[in-house]
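Pasted below: work.cif, mmCIF, C-alpha atoms.
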data_query
loop_
_atom_site.label_atom_id
_atom_site.label_comp_id
_atom_site.auth_asym_id
_atom_site.auth_seq_id
_atom_site.Cartn_x
_atom_site.Cartn_y
_atom_site.Cartn_z
CA VAL A 5 112.16 149.75 76.50
CA GLN A 6 111.04 146.17 75.85
CA LEU A 7 111.32 143.71 78.72
CA GLN A 8 111.49 139.91 78.67
CA ALA A 9 111.01 138.07 81.96
CA SER A 10 112.10 134.47 82.48
CA GLY A 11 113.04 131.94 85.14
CA GLY A 12 109.69 130.96 86.58
CA GLY A 13 108.72 127.39 87.33
CA LEU A 14 107.28 124.90 89.77
CA VAL A 15 109.20 124.48 93.02
CA GLN A 16 108.58 123.03 96.46
CA PRO A 17 108.18 125.17 99.58
CA GLY A 18 111.56 126.25 100.91
CA ALA A 19 113.23 126.14 97.52
CA SER A 20 114.93 128.97 95.65
CA LEU A 21 114.40 130.45 92.22
CA ARG A 22 116.01 133.29 90.29
CA LEU A 23 114.00 135.38 87.87
CA SER A 24 115.62 137.44 85.12
CA CYS A 25 114.33 140.38 83.13
CA ALA A 26 116.26 141.35 80.02
CA ALA A 27 115.83 144.79 78.48
CA SER A 28 116.17 145.66 74.83
CA GLU A 29 117.80 149.06 75.12
CA ARG A 30 121.17 150.35 76.23
CA THR A 31 119.30 153.14 78.04
CA PHE A 32 118.23 150.42 80.48
CA ASN A 33 121.00 151.65 82.75
CA THR A 34 119.05 154.84 83.44
CA TYR A 35 115.78 153.18 84.41
CA GLY A 36 114.63 152.27 87.86
CA MET A 37 113.40 148.67 87.76
CA SER A 38 110.79 146.82 89.76
CA TRP A 39 109.26 143.40 90.18
CA PHE A 40 105.54 142.95 90.78
CA ARG A 41 103.40 139.85 91.15
CA GLN A 42 99.80 138.93 90.65
CA ALA A 43 98.22 135.90 92.26
CA PRO A 44 94.99 134.39 90.92
CA GLY A 45 92.04 136.57 91.84
CA LYS A 46 94.20 139.26 93.38
CA GLU A 47 95.51 142.63 92.34
CA ARG A 48 99.03 143.13 91.10
CA GLU A 49 101.31 143.99 93.99
CA PHE A 50 104.75 145.47 94.43
CA VAL A 51 107.55 143.05 95.30
CA ALA A 52 110.89 144.83 94.96
CA ALA A 53 112.62 147.75 93.26
CA ILE A 54 116.15 148.86 92.46
CA ASN A 55 117.40 152.24 91.34
CA TRP A 56 119.34 152.89 88.14
CA ASN A 57 122.80 152.01 89.44
CA GLY A 58 121.85 149.34 91.97
CA GLY A 59 122.70 151.59 94.87
CA THR A 60 119.34 151.41 96.61
CA THR A 61 116.61 148.82 96.84
CA SER A 62 113.20 148.47 98.42
CA TYR A 63 111.03 145.47 99.23
CA ALA A 64 107.51 144.59 100.19
CA ASP A 65 107.30 143.48 103.81
CA SER A 66 106.12 140.04 102.73
CA VAL A 67 109.41 139.27 100.95
CA LYS A 68 111.99 141.14 103.04
CA GLY A 69 114.83 138.88 104.07
CA ARG A 70 113.88 136.24 101.47
CA PHE A 71 114.05 138.02 98.12
CA THR A 72 116.92 140.05 96.67
CA ILE A 73 116.73 142.32 93.65
CA SER A 74 119.88 143.10 91.70
CA ARG A 75 120.89 144.33 88.28
CA ASP A 76 123.72 144.02 85.79
CA ASN A 77 123.70 147.08 83.57
CA ALA A 78 126.38 145.61 81.32
CA LYS A 79 123.91 142.82 80.48
CA ASN A 80 120.78 145.01 80.50
CA THR A 81 119.27 142.61 83.01
CA VAL A 82 117.57 142.80 86.39
CA TYR A 83 117.24 139.78 88.67
CA LEU A 84 115.04 138.64 91.50
CA GLN A 85 116.59 135.98 93.71
CA MET A 86 113.84 134.26 95.68
CA ASN A 87 114.76 132.08 98.64
CA SER A 88 112.67 130.21 101.19
CA LEU A 89 109.71 130.24 98.85
CA LYS A 90 106.25 129.79 100.31
CA PRO A 91 102.98 128.69 98.69
CA GLU A 92 101.72 132.25 99.07
CA ASP A 93 104.50 133.40 96.73
CA THR A 94 102.68 131.63 93.89
CA ALA A 95 101.91 134.25 91.25
CA ILE A 96 102.79 135.60 87.86
CA TYR A 97 105.83 137.81 88.30
CA TYR A 98 106.26 140.90 86.16
CA CYS A 99 109.22 143.19 85.73
CA ALA A 100 108.61 146.86 85.06
CA ALA A 101 110.71 149.84 84.05
CA ALA A 102 110.06 153.14 85.76
CA LYS A 103 111.06 156.56 84.49
CA PRO A 104 114.78 157.27 84.30
CA PHE A 105 116.43 157.70 87.68
CA ALA A 106 113.33 156.79 89.66
CA THR A 107 114.21 155.96 93.25
CA ALA A 108 113.66 152.53 94.73
CA GLN A 109 111.40 153.91 97.45
CA ALA A 110 109.29 155.86 94.97
CA MET A 111 108.74 152.77 92.82
CA GLY A 112 107.25 151.03 95.83
CA VAL A 113 104.33 153.45 95.91
CA MET A 114 104.00 154.57 92.29
CA PRO A 115 100.72 153.80 90.50
CA LEU A 116 101.03 150.91 88.08
CA ASN A 117 100.28 153.16 85.11
CA SER A 118 103.31 155.30 86.03
CA PHE A 119 105.68 152.60 84.84
CA ALA A 120 107.03 153.03 81.34
CA SER A 121 107.18 149.37 80.33
CA TRP A 122 106.14 145.93 81.52
CA GLY A 123 107.46 142.49 80.76
CA GLN A 124 105.13 139.67 79.78
CA GLY A 125 105.27 137.87 83.14
CA THR A 126 106.67 134.56 84.28
CA LEU A 127 104.73 132.06 86.40
CA VAL A 128 106.08 130.93 89.76
CA THR A 129 104.27 128.07 91.45
CA VAL A 130 105.25 126.97 94.95
CA SER A 131 103.63 123.69 95.85
CA SER A 132 104.46 120.35 97.41
#
For this file, write the structure as structure tokens.
Amino acid sequence: VQLQASGGGLVQPGASLRLSCAASERTFNTYGMSWFRQAPGKEREFVAAINWNGGTTSYADSVKGRFTISRDNAKNTVYLQMNSLKPEDTAIYYCAAAKPFATAQAMGVMPLNSFASWGQGTLVTVSS
């Protein structure tokens, strides 16, 4: 499945931003989906995951209560709503498709090379 991430930009601390990740295949609705991020000089890290039907989600501790992952299978799209953004949220954000019916909790600990597909990334910069 091909993934196209969008929605990044430059925002001030405390602002909100919504990222989107559009998938190319109708089978999108069977994939578990995740968001990762990579800050300059740091390793790629897990941000959030959602299972195939949106029934379960999981989040990194650093974004719990501020970020919300959701999906619209009719539009083959997964979203990441980011509120109360902080400078430390600055990173390139990537969406990733896991194997069909992967659980949200499993995606939080899966090795990066276990994911079937990756989007190209979208840059989020939080700065005053």
Requested in this report: Quote the spacing between CA of Gly36 in chain A and CA of Ser20 in chain A in Å to one decimal place.
Outcome: 24.6 Å
Report task. Have a look at CA of Gly18 in chain A and CA of Thr126 in chain A and let me know their distance in Å, one decimal. Result ->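 Interatomic distance here is 19.2 Å.
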Query - Residue nearest Met114 in chain A among A:Ala43, A:Ala27, A:Cys99, A:Ala53 (counting all atoms listed in the file) - result: A:Ala53
**Report entry** Explicit residue set for the PyMOL selection byres ((chain A and resi 124) around 10), as a PyMOL selection string
**Finding:** chain A and resi 6-10+25+96-100+121-123+125-126
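Residue nearest Ala26 in chain A, chosen from A:Lys90, A:Ala95, A:Leu84, A:Val130 and counting all atoms listed in the file: A:Leu84.
In this comparison, which uses all atoms listed in the file, the residue of A:Val51, A:Met37, A:Val15, A:Val113 approaching Val82 in chain A most closely is A:Met37.
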Requested in this report: Using the chain letters and numbers from the file, give me the residues hit by the PyMOL selection byres ((chain A and resi 120) around 10), as a VMD selection string.
Outcome: chain A and resid 5 to 6 35 100 to 104 116 to 119 121 to 122
**Report entry** One-decimal distance in Å that lies between CA of Leu21 in chain A and CA of Asp76 in chain A
**Finding:**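 Answer for the CA of Asp76 in chain A to CA of Leu21 in chain A separation: 17.7 Å.
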Query - Selected residue of minimal separation from Asn55 in chain A among A:Ala110, A:Val128, A:Val67, A:Leu14, counting all atoms listed in the file - result: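 Smallest separation from Asn55 in chain A among the options: A:Ala110.
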Query raised in the report: Given the file above and the PyMOL selection byres ((chain A and resi 30) around 10), which residues are selected, and can you give them as an MDAnalysis selection string?
Result: chainID A and resid 5 27:29 31:34 77:80
